[in-house]
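S.K.: PDB, C-alpha atoms and all ligand atoms, saved as my_file38.pdb, coming up:
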```
ATOM      1  CA  MET A  15      -7.317  13.435  29.383
ATOM      2  CA  SER A  16      -9.140  10.162  28.673
ATOM      3  CA  GLU A  17      -7.212   7.166  27.426
ATOM      4  CA  ALA A  18      -7.965   5.384  24.150
ATOM      5  CA  PRO A  19     -10.912   3.015  24.662
ATOM      6  CA  GLU A  20     -11.076  -0.762  24.349
ATOM      7  CA  LYS A  21     -11.534  -1.820  20.719
ATOM      8  CA  ASP A  22     -15.165  -1.777  19.749
ATOM      9  CA  ARG A  23     -16.070  -5.035  18.025
ATOM     10  CA  GLY A  24     -19.048  -3.484  16.272
ATOM     11  CA  GLY A  25     -17.419  -3.897  12.856
ATOM     12  CA  MET A  26     -17.062  -0.189  12.076
ATOM     13  CA  GLU A  27     -13.686   1.389  11.541
ATOM     14  CA  ARG A  28     -11.739   3.458  14.049
ATOM     15  CA  LEU A  29      -9.800   6.611  13.261
ATOM     16  CA  ALA A  30      -6.800   8.106  15.078
ATOM     17  CA  VAL A  31      -5.974  11.745  14.339
ATOM     18  CA  ILE A  32      -2.401  12.554  15.353
ATOM     19  CA  GLY A  33      -1.942  16.321  15.723
ATOM     20  CA  ALA A  34      -5.340  17.853  16.401
ATOM     21  CA  GLY A  35      -4.473  21.323  15.094
ATOM     22  CA  LYS A  36      -6.262  23.395  12.438
ATOM     23  CA  MET A  37      -6.420  20.665   9.791
ATOM     24  CA  GLY A  38      -6.803  17.766  12.228
ATOM     25  CA  THR A  39      -9.815  19.290  13.988
ATOM     26  CA  THR A  40     -11.374  20.334  10.661
ATOM     27  CA  LEU A  41     -11.051  16.756   9.422
ATOM     28  CA  ILE A  42     -12.565  15.420  12.638
ATOM     29  CA  HIS A  43     -15.555  17.743  12.322
ATOM     30  CA  ALA A  44     -15.962  16.914   8.628
ATOM     31  CA  VAL A  45     -15.921  13.109   8.997
ATOM     32  CA  ILE A  46     -18.394  13.262  11.900
ATOM     33  CA  ASP A  47     -20.617  15.690   9.998
ATOM     34  CA  GLY A  48     -20.366  13.497   6.882
ATOM     35  CA  GLY A  49     -21.428  10.431   8.891
ATOM     36  CA  LEU A  50     -18.195   8.572   8.088
ATOM     37  CA  PHE A  51     -17.159   8.035  11.726
ATOM     38  CA  SER A  52     -19.126   8.422  14.921
ATOM     39  CA  PRO A  53     -17.328  10.507  17.582
ATOM     40  CA  GLN A  54     -16.706   7.527  19.880
ATOM     41  CA  ARG A  55     -14.719   5.828  17.079
ATOM     42  CA  ILE A  56     -12.301   8.747  16.782
ATOM     43  CA  VAL A  57      -9.256   9.277  19.004
ATOM     44  CA  ALA A  58      -7.454  12.608  18.707
ATOM     45  CA  SER A  59      -3.986  13.200  20.063
ATOM     46  CA  GLY A  60      -1.975  16.354  20.564
ATOM     47  CA  ARG A  61       0.560  17.987  22.807
ATOM     48  CA  ARG A  62      -1.502  20.491  24.755
ATOM     49  CA  GLU A  63      -4.298  19.540  27.116
ATOM     50  CA  GLU A  64      -6.465  22.647  26.754
ATOM     51  CA  PRO A  65      -7.211  22.508  23.014
ATOM     52  CA  LEU A  66      -7.740  18.742  23.281
ATOM     53  CA  ALA A  67     -10.253  19.197  26.105
ATOM     54  CA  GLU A  68     -12.097  21.842  24.035
ATOM     55  CA  LEU A  69     -12.164  19.413  21.096
ATOM     56  CA  ALA A  70     -13.578  16.622  23.288
ATOM     57  CA  GLU A  71     -16.235  19.010  24.599
ATOM     58  CA  ARG A  72     -17.159  20.195  21.093
ATOM     59  CA  GLU A  73     -16.977  16.978  19.051
ATOM     60  CA  LYS A  74     -17.355  14.310  21.781
ATOM     61  CA  VAL A  75     -14.311  12.414  20.490
ATOM     62  CA  VAL A  76     -11.844  10.529  22.693
ATOM     63  CA  ILE A  77      -8.660  12.496  23.414
ATOM     64  CA  THR A  78      -5.200  11.488  24.562
ATOM     65  CA  GLY A  79      -1.787  13.080  24.986
ATOM     66  CA  ASN A  80      -0.224   9.757  24.012
ATOM     67  CA  ASN A  81       0.257   9.283  20.236
ATOM     68  CA  ARG A  82       1.058   5.585  20.594
ATOM     69  CA  ALA A  83      -2.093   4.907  22.627
ATOM     70  CA  ALA A  84      -4.135   6.780  20.011
ATOM     71  CA  CYS A  85      -2.861   4.484  17.234
ATOM     72  CA  ARG A  86      -3.206   1.210  19.101
ATOM     73  CA  ASP A  87      -6.782   0.328  18.104
ATOM     74  CA  ALA A  88      -7.116   2.469  15.002
ATOM     75  CA  ASP A  89      -7.778   1.082  11.525
ATOM     76  CA  THR A  90      -6.725   4.388   9.997
ATOM     77  CA  VAL A  91      -4.129   6.779  11.380
ATOM     78  CA  LEU A  92      -4.434  10.300  10.043
ATOM     79  CA  LEU A  93      -1.177  12.196  10.514
ATOM     80  CA  CYS A  94      -1.875  15.944  10.768
ATOM     81  CA  VAL A  95       1.322  17.353  12.310
ATOM     82  CA  LYS A  96       3.591  19.908  10.599
ATOM     83  CA  PRO A  97       6.045  18.492   8.023
ATOM     84  CA  GLN A  98       9.052  19.155  10.287
ATOM     85  CA  THR A  99       7.458  17.054  13.085
ATOM     86  CA  VAL A 100       6.580  14.056  10.880
ATOM     87  CA  GLY A 101       9.887  12.178  11.337
ATOM     88  CA  GLU A 102       9.798  12.504  15.123
ATOM     89  CA  VAL A 103       6.144  11.414  15.406
ATOM     90  CA  LEU A 104       6.574   8.457  13.022
ATOM     91  CA  ALA A 105       9.627   7.278  14.971
ATOM     92  CA  GLU A 106       7.378   7.332  18.044
ATOM     93  CA  ILE A 107       4.267   5.607  16.609
ATOM     94  CA  GLY A 108       5.965   3.390  13.990
ATOM     95  CA  PRO A 109       6.633   0.468  16.381
ATOM     96  CA  GLU A 110       2.946   0.543  17.380
ATOM     97  CA  LEU A 111       1.658   0.197  13.796
ATOM     98  CA  ASN A 112       1.048  -2.944  11.721
ATOM     99  CA  PRO A 113       0.224  -3.587   8.041
ATOM    100  CA  ARG A 114      -3.512  -4.054   8.761
ATOM    101  CA  GLN A 115      -3.652  -0.325   9.518
ATOM    102  CA  THR A 116      -3.495   2.519   6.994
ATOM    103  CA  LEU A 117      -1.442   5.649   7.563
ATOM    104  CA  ILE A 118      -2.674   8.788   5.813
ATOM    105  CA  SER A 119      -0.477  11.889   5.947
ATOM    106  CA  ILE A 120      -1.432  15.426   4.980
ATOM    107  CA  ALA A 121       2.048  16.862   5.621
ATOM    108  CA  ALA A 122       2.962  19.121   2.705
ATOM    109  CA  GLY A 123       5.988  17.961   0.737
ATOM    110  CA  VAL A 124       6.537  14.686   2.649
ATOM    111  CA  SER A 125       6.603  11.796   0.151
ATOM    112  CA  THR A 126       5.221   8.312   0.736
ATOM    113  CA  LEU A 127       8.832   7.077   0.454
ATOM    114  CA  GLN A 128       9.833   9.380   3.335
ATOM    115  CA  LEU A 129       6.820   8.206   5.373
ATOM    116  CA  GLU A 130       7.615   4.545   4.703
ATOM    117  CA  SER A 131      11.243   4.960   5.761
ATOM    118  CA  HIS A 132       9.974   5.386   9.369
ATOM    119  CA  LEU A 133       7.311   2.648   9.255
ATOM    120  CA  PRO A 134       7.120  -1.170   9.444
ATOM    121  CA  ALA A 135       7.530  -2.824   6.023
ATOM    122  CA  GLY A 136       4.264  -3.407   4.173
ATOM    123  CA  LEU A 137       2.273  -0.759   6.028
ATOM    124  CA  PRO A 138      -0.042   0.956   3.509
ATOM    125  CA  THR A 139       0.480   4.707   3.283
ATOM    126  CA  VAL A 140      -1.553   7.398   1.562
ATOM    127  CA  ARG A 141      -0.381  10.952   1.014
ATOM    128  CA  ALA A 142      -3.005  13.669   0.738
ATOM    129  CA  MET A 143      -2.727  17.333  -0.153
ATOM    130  CA  PRO A 144      -5.779  19.356   0.907
ATOM    131  CA  ASN A 145      -6.084  23.154   0.710
ATOM    132  CA  THR A 146      -7.402  25.824   3.086
ATOM    133  CA  PRO A 147     -10.960  26.056   1.644
ATOM    134  CA  SER A 148     -11.284  22.516   3.101
ATOM    135  CA  LEU A 149     -11.890  24.380   6.367
ATOM    136  CA  LEU A 150     -15.273  25.435   4.901
ATOM    137  CA  GLY A 151     -16.085  22.209   3.039
ATOM    138  CA  ALA A 152     -14.992  23.694  -0.303
ATOM    139  CA  GLY A 153     -11.583  22.043  -0.410
ATOM    140  CA  MET A 154      -9.649  20.348  -3.168
ATOM    141  CA  THR A 155      -7.615  17.352  -2.041
ATOM    142  CA  ALA A 156      -5.330  15.161  -4.128
ATOM    143  CA  VAL A 157      -4.476  11.687  -2.811
ATOM    144  CA  CYS A 158      -1.886   9.129  -3.873
ATOM    145  CA  GLY A 159      -0.863   5.750  -2.553
ATOM    146  CA  GLY A 160       2.516   4.472  -1.360
ATOM    147  CA  ALA A 161       4.276   1.214  -2.217
ATOM    148  CA  SER A 162       1.922  -1.077  -0.242
ATOM    149  CA  SER A 163      -1.409   0.673  -0.699
ATOM    150  CA  THR A 164      -4.184  -0.642  -2.904
ATOM    151  CA  GLU A 165      -7.335   0.746  -4.481
ATOM    152  CA  GLN A 166      -9.085   0.038  -1.188
ATOM    153  CA  HIS A 167      -6.716   2.263   0.841
ATOM    154  CA  LEU A 168      -7.066   5.084  -1.684
ATOM    155  CA  GLU A 169     -10.840   4.747  -1.525
ATOM    156  CA  LYS A 170     -10.720   4.960   2.254
ATOM    157  CA  ALA A 171      -8.680   8.186   2.066
ATOM    158  CA  ASP A 172     -10.846   9.553  -0.728
ATOM    159  CA  LYS A 173     -13.983   9.124   1.419
ATOM    160  CA  ILE A 174     -12.373  11.000   4.320
ATOM    161  CA  PHE A 175     -11.320  14.011   2.220
ATOM    162  CA  ALA A 176     -14.598  14.023   0.268
ATOM    163  CA  CYS A 177     -16.157  15.175   3.568
ATOM    164  CA  MET A 178     -14.226  18.476   3.057
ATOM    165  CA  GLY A 179     -14.831  19.082  -0.648
ATOM    166  CA  ARG A 180     -13.641  17.603  -3.937
ATOM    167  CA  THR A 181     -10.983  14.922  -4.278
ATOM    168  CA  VAL A 182      -8.810  13.512  -7.019
ATOM    169  CA  VAL A 183      -6.578  10.422  -7.045
ATOM    170  CA  LEU A 184      -3.264  11.232  -8.728
ATOM    171  CA  ASP A 185       0.171   9.776  -9.275
ATOM    172  CA  GLU A 186       2.606  11.096  -6.654
ATOM    173  CA  LYS A 187       4.860  12.597  -9.358
ATOM    174  CA  HIS A 188       2.202  15.335  -9.712
ATOM    175  CA  PHE A 189       2.161  16.349  -6.043
ATOM    176  CA  ASP A 190       4.478  19.344  -6.373
ATOM    177  CA  ALA A 191       2.154  20.615  -9.108
ATOM    178  CA  VAL A 192      -0.856  20.055  -6.839
ATOM    179  CA  THR A 193       0.921  22.060  -4.157
ATOM    180  CA  GLY A 194       1.698  24.835  -6.660
ATOM    181  CA  LEU A 195      -1.841  24.911  -8.059
ATOM    182  CA  SER A 196      -4.600  23.940  -5.617
ATOM    183  CA  ALA A 197      -2.715  24.386  -2.321
ATOM    184  CA  SER A 198      -1.053  27.731  -3.178
ATOM    185  CA  GLY A 199      -3.886  28.719  -5.537
ATOM    186  CA  PRO A 200      -6.270  30.183  -2.935
ATOM    187  CA  ALA A 201      -3.632  32.896  -2.236
ATOM    188  CA  PHE A 202      -3.462  33.722  -5.963
ATOM    189  CA  ILE A 203      -7.241  33.989  -6.149
ATOM    190  CA  TYR A 204      -7.420  36.194  -3.017
ATOM    191  CA  ILE A 205      -5.129  38.614  -4.858
ATOM    192  CA  VAL A 206      -7.405  38.458  -7.916
ATOM    193  CA  ILE A 207     -10.434  39.143  -5.688
ATOM    194  CA  GLU A 208      -8.645  41.990  -3.913
ATOM    195  CA  ALA A 209      -7.554  43.521  -7.220
ATOM    196  CA  MET A 210     -11.018  43.264  -8.799
ATOM    197  CA  ALA A 211     -12.497  44.866  -5.694
ATOM    198  CA  GLU A 212      -9.951  47.710  -5.961
ATOM    199  CA  GLY A 213     -11.193  48.238  -9.522
ATOM    200  CA  GLY A 214     -14.700  48.561  -8.127
ATOM    201  CA  VAL A 215     -13.525  50.991  -5.443
ATOM    202  CA  LYS A 216     -11.710  53.063  -8.076
ATOM    203  CA  THR A 217     -14.971  53.366  -9.993
ATOM    204  CA  GLY A 218     -16.901  54.434  -6.880
ATOM    205  CA  LEU A 219     -18.282  51.261  -5.257
ATOM    206  CA  PRO A 220     -18.151  51.029  -1.457
ATOM    207  CA  ARG A 221     -15.234  48.701  -0.529
ATOM    208  CA  GLN A 222     -17.370  46.103   1.230
ATOM    209  CA  VAL A 223     -19.784  45.871  -1.708
ATOM    210  CA  ALA A 224     -16.896  45.722  -4.183
ATOM    211  CA  THR A 225     -15.282  42.853  -2.235
ATOM    212  CA  GLU A 226     -18.565  40.934  -2.077
ATOM    213  CA  LEU A 227     -19.164  41.415  -5.810
ATOM    214  CA  ALA A 228     -15.626  40.278  -6.633
ATOM    215  CA  ALA A 229     -15.677  37.230  -4.316
ATOM    216  CA  GLN A 230     -19.116  36.014  -5.359
ATOM    217  CA  THR A 231     -18.134  36.519  -9.002
ATOM    218  CA  CYS A 232     -15.084  34.266  -8.558
ATOM    219  CA  PHE A 233     -17.199  31.735  -6.665
ATOM    220  CA  GLY A 234     -19.892  31.781  -9.388
ATOM    221  CA  ALA A 235     -17.385  31.504 -12.218
ATOM    222  CA  ALA A 236     -15.693  28.534 -10.501
ATOM    223  CA  LYS A 237     -19.097  26.886  -9.991
ATOM    224  CA  MET A 238     -19.918  27.387 -13.700
ATOM    225  CA  VAL A 239     -16.667  25.667 -14.723
ATOM    226  CA  LEU A 240     -17.174  22.758 -12.310
ATOM    227  CA  GLU A 241     -20.879  22.172 -12.860
ATOM    228  CA  THR A 242     -21.256  22.776 -16.602
ATOM    229  CA  GLU A 243     -17.900  21.055 -17.291
ATOM    230  CA  ASN A 244     -17.547  23.470 -20.199
ATOM    231  CA  HIS A 245     -14.084  24.692 -21.137
ATOM    232  CA  PRO A 246     -13.433  28.052 -19.389
ATOM    233  CA  ALA A 247     -12.775  29.641 -22.789
ATOM    234  CA  LEU A 248     -16.303  28.715 -23.934
ATOM    235  CA  LEU A 249     -17.821  30.196 -20.775
ATOM    236  CA  LYS A 250     -15.745  33.353 -21.295
ATOM    237  CA  ASP A 251     -17.045  33.626 -24.862
ATOM    238  CA  ASP A 252     -20.625  33.505 -23.500
ATOM    239  CA  VAL A 253     -19.953  36.674 -21.444
ATOM    240  CA  THR A 254     -18.118  38.483 -24.232
ATOM    241  CA  THR A 255     -20.465  40.408 -26.544
ATOM    242  CA  PRO A 256     -18.807  41.556 -29.800
ATOM    243  CA  ALA A 257     -17.539  45.131 -29.372
ATOM    244  CA  GLY A 258     -18.780  45.039 -25.762
ATOM    245  CA  CYS A 259     -17.314  46.171 -22.457
ATOM    246  CA  THR A 260     -16.117  42.689 -21.345
ATOM    247  CA  MET A 261     -13.910  42.507 -24.450
ATOM    248  CA  ASP A 262     -12.438  45.911 -23.543
ATOM    249  CA  GLY A 263     -11.636  44.559 -20.083
ATOM    250  CA  ILE A 264     -10.091  41.370 -21.515
ATOM    251  CA  LEU A 265      -7.853  43.486 -23.744
ATOM    252  CA  LYS A 266      -6.493  45.204 -20.624
ATOM    253  CA  LEU A 267      -5.945  41.803 -18.900
ATOM    254  CA  GLU A 268      -3.977  40.515 -21.882
ATOM    255  CA  GLU A 269      -2.003  43.755 -22.104
ATOM    256  CA  GLY A 270      -1.087  43.408 -18.397
ATOM    257  CA  GLY A 271      -0.082  39.771 -18.842
ATOM    258  CA  LEU A 272      -2.523  38.297 -16.295
ATOM    259  CA  ARG A 273      -2.635  34.942 -18.091
ATOM    260  CA  VAL A 274       1.139  34.508 -18.386
ATOM    261  CA  THR A 275       1.667  35.809 -14.838
ATOM    262  CA  LEU A 276      -0.710  33.187 -13.385
ATOM    263  CA  ILE A 277       0.952  30.431 -15.429
ATOM    264  CA  LYS A 278       4.348  31.515 -14.100
ATOM    265  CA  ALA A 279       3.006  31.740 -10.529
ATOM    266  CA  VAL A 280       1.840  28.100 -10.605
ATOM    267  CA  VAL A 281       5.086  26.930 -12.258
ATOM    268  CA  GLU A 282       7.233  28.778  -9.695
ATOM    269  CA  ALA A 283       5.178  27.564  -6.701
ATOM    270  CA  THR A 284       5.457  23.998  -8.084
ATOM    271  CA  ARG A 285       9.228  24.375  -8.386
ATOM    272  CA  SER A 286       9.645  25.570  -4.804
ATOM    273  CA  ALA A 287       7.205  22.895  -3.494
ATOM    274  CA  GLY A 288       9.867  20.349  -4.527
ATOM    275  CA  GLY A 289      12.038  21.401  -1.576
ATOM    276  CA  LEU A 290       9.316  21.434   1.115
ATOM    277  CA  GLY A 291       9.710  17.958   2.638
ATOM    278  CA  ALA A 292      13.510  18.028   2.930
ATOM    279  CA  GLY A 293      14.653  16.430   6.175
ATOM    280  CA  SER A 294      11.388  14.586   7.033
TER
HETATM  281  N1  LIG B   1      -3.546  24.358   6.912
HETATM  282  C1  LIG B   1      -3.725  23.974   5.657
HETATM  283  O1  LIG B   1      -4.476  24.537   4.895
HETATM  284  C2  LIG B   1      -3.004  22.781   5.103
HETATM  285  C3  LIG B   1      -3.188  22.434   3.760
HETATM  286  C4  LIG B   1      -2.540  21.300   3.282
HETATM  287  C5  LIG B   1      -1.744  20.554   4.111
HETATM  288  N2  LIG B   1      -1.579  20.947   5.398
HETATM  289  C6  LIG B   1      -0.716  20.150   6.249
HETATM  290  O2  LIG B   1      -1.427  19.818   7.408
HETATM  291  C7  LIG B   1      -0.536  19.642   8.477
HETATM  292  C8  LIG B   1      -1.092  20.362   9.704
HETATM  293  O3  LIG B   1      -1.223  21.735   9.402
HETATM  294  P1  LIG B   1      -2.094  22.674  10.349
HETATM  295  O4  LIG B   1      -2.260  23.940   9.596
HETATM  296  O5  LIG B   1      -3.293  21.941  10.840
HETATM  297  O6  LIG B   1      -1.044  22.891  11.561
HETATM  298  P2  LIG B   1      -1.336  23.076  13.110
HETATM  299  O7  LIG B   1      -2.621  23.810  13.327
HETATM  300  O8  LIG B   1      -0.088  23.617  13.725
HETATM  301  O9  LIG B   1      -1.555  21.583  13.628
HETATM  302  C9  LIG B   1      -0.530  20.711  13.991
HETATM  303  C10 LIG B   1      -0.907  20.108  15.313
HETATM  304  O10 LIG B   1       0.031  19.089  15.652
HETATM  305  C11 LIG B   1       0.317  19.203  17.034
HETATM  306  N3  LIG B   1       1.580  18.562  17.341
HETATM  307  C12 LIG B   1       2.843  19.069  17.257
HETATM  308  N4  LIG B   1       3.745  18.139  17.666
HETATM  309  C13 LIG B   1       3.028  17.042  18.000
HETATM  310  C14 LIG B   1       3.383  15.773  18.482
HETATM  311  N5  LIG B   1       4.657  15.440  18.712
HETATM  312  N6  LIG B   1       2.400  14.873  18.723
HETATM  313  C15 LIG B   1       1.095  15.183  18.506
HETATM  314  N7  LIG B   1       0.713  16.389  18.047
HETATM  315  C16 LIG B   1       1.656  17.294  17.797
HETATM  316  C17 LIG B   1       0.360  20.696  17.260
HETATM  317  O11 LIG B   1       0.292  20.977  18.642
HETATM  318  P3  LIG B   1       0.930  22.362  19.185
HETATM  319  O12 LIG B   1      -0.038  23.429  18.773
HETATM  320  O13 LIG B   1       1.002  22.148  20.635
HETATM  321  O14 LIG B   1       2.268  22.516  18.522
HETATM  322  C18 LIG B   1      -0.870  21.130  16.476
HETATM  323  O15 LIG B   1      -2.030  20.985  17.247
HETATM  324  C19 LIG B   1       0.821  20.170   8.029
HETATM  325  O16 LIG B   1       1.680  19.076   7.794
HETATM  326  C20 LIG B   1       0.530  20.883   6.729
HETATM  327  O17 LIG B   1       1.588  20.736   5.802
HETATM  328  C21 LIG B   1      -2.188  22.025   5.915
END
```
Can you dump the structure from the file as structure tokens?
Ligand SMILES: NC(=O)c1ccc[n+]([C@@H]2O[C@H](COP(=O)([O-])OP(=O)(O)OC[C@H]3O[C@@H](n4cnc5c(N)ncnc54)[C@H](OP(=O)(O)O)[C@@H]3O)[C@@H](O)[C@H]2O)c1
M.R.:
Amino acid sequence: MSEAPEKDRGGMERLAVIGAGKMGTTLIHAVIDGGLFSPQRIVASGRREEPLAELAEREKVVITGNNRAACRDADTVLLCVKPQTVGEVLAEIGPELNPRQTLISIAAGVSTLQLESHLPAGLPTVRAMPNTPSLLGAGMTAVCGGASSTEQHLEKADKIFACMGRTVVLDEKHFDAVTGLSASGPAFIYIVIEAMAEGGVKTGLPRQVATELAAQTCFGAAKMVLETENHPALLKDDVTTPAGCTMDGILKLEEGGLRVTLIKAVVEATRSAGGLGAGS
């Protein structure tokens, strides 16, 4: 493994990614692809040599098995370990960090207050909550700042996550709701896609075709909402001819309680997200 390099005085920022797993490596690829950081300005750390070596081969970033060395020259430290490992890793890197650096964590359920309890006073923290479609550049990430972060730190984080999809800056009090909606939401939509496809199969469509029709329909409907910025109810009305077949289908959805079930799913996922970061 190569050690973290001497600080480049070129004036561009350096990024340390602690925990180069699924999310960490996706973020690395996205920020390089988005032109935000060049590979030689990124240091990735992890526990196992083999995946790190593969990452270095693929992305040409600097790798190290030493989290503290990775942070030493970084302007931004992106913490991508599992929530249960956050406390241990922050206890390790905390003494290495100073308030000129920014720590961004993507650990689900770990508050900025919990992060700051392991860090030097005054160190700016940002908490981010991405979702799995980020892996394909179609993510939704919410970011919020901790006690010492400013507009500038939020902007820095926003630019990083914008390389993986859409972003929104939100007050931290909404983060359980973000977890319940956009982070859990892909699973709800997969069930909707699966169920719509089953409807197609029931009416005679080949399964693969039915799944493609259902998935592209969800994708297209989401794109219509995002790009027209019309209220979903207005877009629904556009598809619904009086006395037509769509209205017959909607009647069945209402009868089955799809709307209220989805509302309850988000509310329940939000409620249980409240307990995720316990112990970090
Ligand atoms: N996946 C998602 O869609 C998603 C969405 C939102 C938020 N998140 C958050 O993103 C974080 C990472 O999730 P993930 O899915 O990317 O998990 P992951 O693939 O398991 O990545 C975590 C990485 O951290 C490494 N690691 C463990 N202990 C370490 C240590 N002491 N020092 C340095 N590296 C260490 C792991 O190495 P080993 O493999 O050797 O253990 C692994 O490579 C989690 O906090 C999660 O809550 C994920």
S.K.: List all protein, DNA and RNA residues that have an atom no more than 7 Å from any atom of ligand LIG 1 (chain B), counting only C-alpha atoms and all ligand atoms, and report them as a PDB file with C-alpha atoms, in the frame of the given file.
M.R.:
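Output (selection_30.pdb):
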```pdb
ATOM      1  CA  ILE A  32      -2.401  12.554  15.353  1.00  0.00           C
ATOM      2  CA  GLY A  33      -1.942  16.321  15.723  1.00  0.00           C
ATOM      3  CA  ALA A  34      -5.340  17.853  16.401  1.00  0.00           C
ATOM      4  CA  GLY A  35      -4.473  21.323  15.094  1.00  0.00           C
ATOM      5  CA  LYS A  36      -6.262  23.395  12.438  1.00  0.00           C
ATOM      6  CA  MET A  37      -6.420  20.665   9.791  1.00  0.00           C
ATOM      7  CA  GLY A  38      -6.803  17.766  12.228  1.00  0.00           C
ATOM      8  CA  SER A  59      -3.986  13.200  20.063  1.00  0.00           C
ATOM      9  CA  GLY A  60      -1.975  16.354  20.564  1.00  0.00           C
ATOM     10  CA  ARG A  61       0.560  17.987  22.807  1.00  0.00           C
ATOM     11  CA  ARG A  62      -1.502  20.491  24.755  1.00  0.00           C
ATOM     12  CA  ASN A  81       0.257   9.283  20.236  1.00  0.00           C
ATOM     13  CA  CYS A  94      -1.875  15.944  10.768  1.00  0.00           C
ATOM     14  CA  VAL A  95       1.322  17.353  12.310  1.00  0.00           C
ATOM     15  CA  LYS A  96       3.591  19.908  10.599  1.00  0.00           C
ATOM     16  CA  PRO A  97       6.045  18.492   8.023  1.00  0.00           C
ATOM     17  CA  THR A  99       7.458  17.054  13.085  1.00  0.00           C
ATOM     18  CA  GLU A 102       9.798  12.504  15.123  1.00  0.00           C
ATOM     19  CA  VAL A 103       6.144  11.414  15.406  1.00  0.00           C
ATOM     20  CA  ILE A 120      -1.432  15.426   4.980  1.00  0.00           C
ATOM     21  CA  ALA A 121       2.048  16.862   5.621  1.00  0.00           C
ATOM     22  CA  ALA A 122       2.962  19.121   2.705  1.00  0.00           C
ATOM     23  CA  MET A 143      -2.727  17.333  -0.153  1.00  0.00           C
ATOM     24  CA  PRO A 144      -5.779  19.356   0.907  1.00  0.00           C
ATOM     25  CA  ASN A 145      -6.084  23.154   0.710  1.00  0.00           C
ATOM     26  CA  THR A 146      -7.402  25.824   3.086  1.00  0.00           C
ATOM     27  CA  ALA A 197      -2.715  24.386  -2.321  1.00  0.00           C
TER      28      ALA A 197
END
```
S.K.: Between CA of Val274 (chain A) and CA of Cys158 (chain A), what is the distance, to one decimal in Å?
M.R.: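 Those two atoms sit 29.4 Å apart.
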S.K.: Take every atom of region 210-219 of chain A listed in the file, pad by 4 Å on each side, and give me the axis-aligned box centre and edge lengths in Å, one decimal, as JSON.
M.R.:
```
{"center_x": -14.1, "center_y": 48.8, "center_z": -7.6, "size_x": 16.3, "size_y": 19.2, "size_z": 12.7}
```
S.K.: Run the PyMOL selection byres (((chain A and resi 130) around 12) and not hetatm) mentally over the shown coordinates, then write out the matched residues as an mmCIF file with C-alpha atoms, keeping the file's coordinate frame, using the chain letters and numbers from the document.
M.R.:
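To be explicit, this is the file written out as result-v8.cif:
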```cif
data_model
loop_
_atom_site.group_PDB
_atom_site.id
_atom_site.type_symbol
_atom_site.label_atom_id
_atom_site.label_comp_id
_atom_site.auth_asym_id
_atom_site.auth_seq_id
_atom_site.Cartn_x
_atom_site.Cartn_y
_atom_site.Cartn_z
ATOM 1 C CA VAL A 100 6.580 14.056 10.880
ATOM 2 C CA GLY A 101 9.887 12.178 11.337
ATOM 3 C CA LEU A 104 6.574 8.457 13.022
ATOM 4 C CA ALA A 105 9.627 7.278 14.971
ATOM 5 C CA GLY A 108 5.965 3.390 13.990
ATOM 6 C CA LEU A 111 1.658 0.197 13.796
ATOM 7 C CA PRO A 113 0.224 -3.587 8.041
ATOM 8 C CA THR A 116 -3.495 2.519 6.994
ATOM 9 C CA LEU A 117 -1.442 5.649 7.563
ATOM 10 C CA ILE A 118 -2.674 8.788 5.813
ATOM 11 C CA SER A 119 -0.477 11.889 5.947
ATOM 12 C CA VAL A 124 6.537 14.686 2.649
ATOM 13 C CA SER A 125 6.603 11.796 0.151
ATOM 14 C CA THR A 126 5.221 8.312 0.736
ATOM 15 C CA LEU A 127 8.832 7.077 0.454
ATOM 16 C CA GLN A 128 9.833 9.380 3.335
ATOM 17 C CA LEU A 129 6.820 8.206 5.373
ATOM 18 C CA SER A 131 11.243 4.960 5.761
ATOM 19 C CA HIS A 132 9.974 5.386 9.369
ATOM 20 C CA LEU A 133 7.311 2.648 9.255
ATOM 21 C CA PRO A 134 7.120 -1.170 9.444
ATOM 22 C CA ALA A 135 7.530 -2.824 6.023
ATOM 23 C CA GLY A 136 4.264 -3.407 4.173
ATOM 24 C CA LEU A 137 2.273 -0.759 6.028
ATOM 25 C CA PRO A 138 -0.042 0.956 3.509
ATOM 26 C CA THR A 139 0.480 4.707 3.283
ATOM 27 C CA VAL A 140 -1.553 7.398 1.562
ATOM 28 C CA ARG A 141 -0.381 10.952 1.014
ATOM 29 C CA GLY A 159 -0.863 5.750 -2.553
ATOM 30 C CA GLY A 160 2.516 4.472 -1.360
ATOM 31 C CA ALA A 161 4.276 1.214 -2.217
ATOM 32 C CA SER A 162 1.922 -1.077 -0.242
ATOM 33 C CA SER A 163 -1.409 0.673 -0.699
ATOM 34 C CA SER A 294 11.388 14.586 7.033
#
```
S.K.: Near Glu282 (chain A), counting only C-alpha atoms, which residues have an atom at most 9 Å away, once you skip same-chain residues fewer than 5 positions from it, shown as a ChimeraX atom specification?
M.R.: /A:194,277,287
S.K.: Could you state which residues are captured by the PyMOL selection byres (((chain A and resi 149) around 12) and not hetatm) in this file, as an NGL selection string?
M.R.: :A and (35-44 or 144-148 or 150-155 or 175 or 177-179)
S.K.: Restricting the calculation to only C-alpha atoms, which member of A:Ala83, A:Ala279, A:Val31, A:Leu92 is positioned closest to Ile107 (chain A)?
M.R.: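 Nearest candidate to Ile107 (chain A) out of A:Ala83, A:Ala279, A:Val31, A:Leu92: A:Ala83.
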S.K.: Quick check on the file I pasted: which residues fall under the PyMOL selection byres (((chain A and resi 219-230) around 12) and not hetatm)? Write them as a PyMOL selection string.
M.R.: chain A and resi 200+203-218+231-237
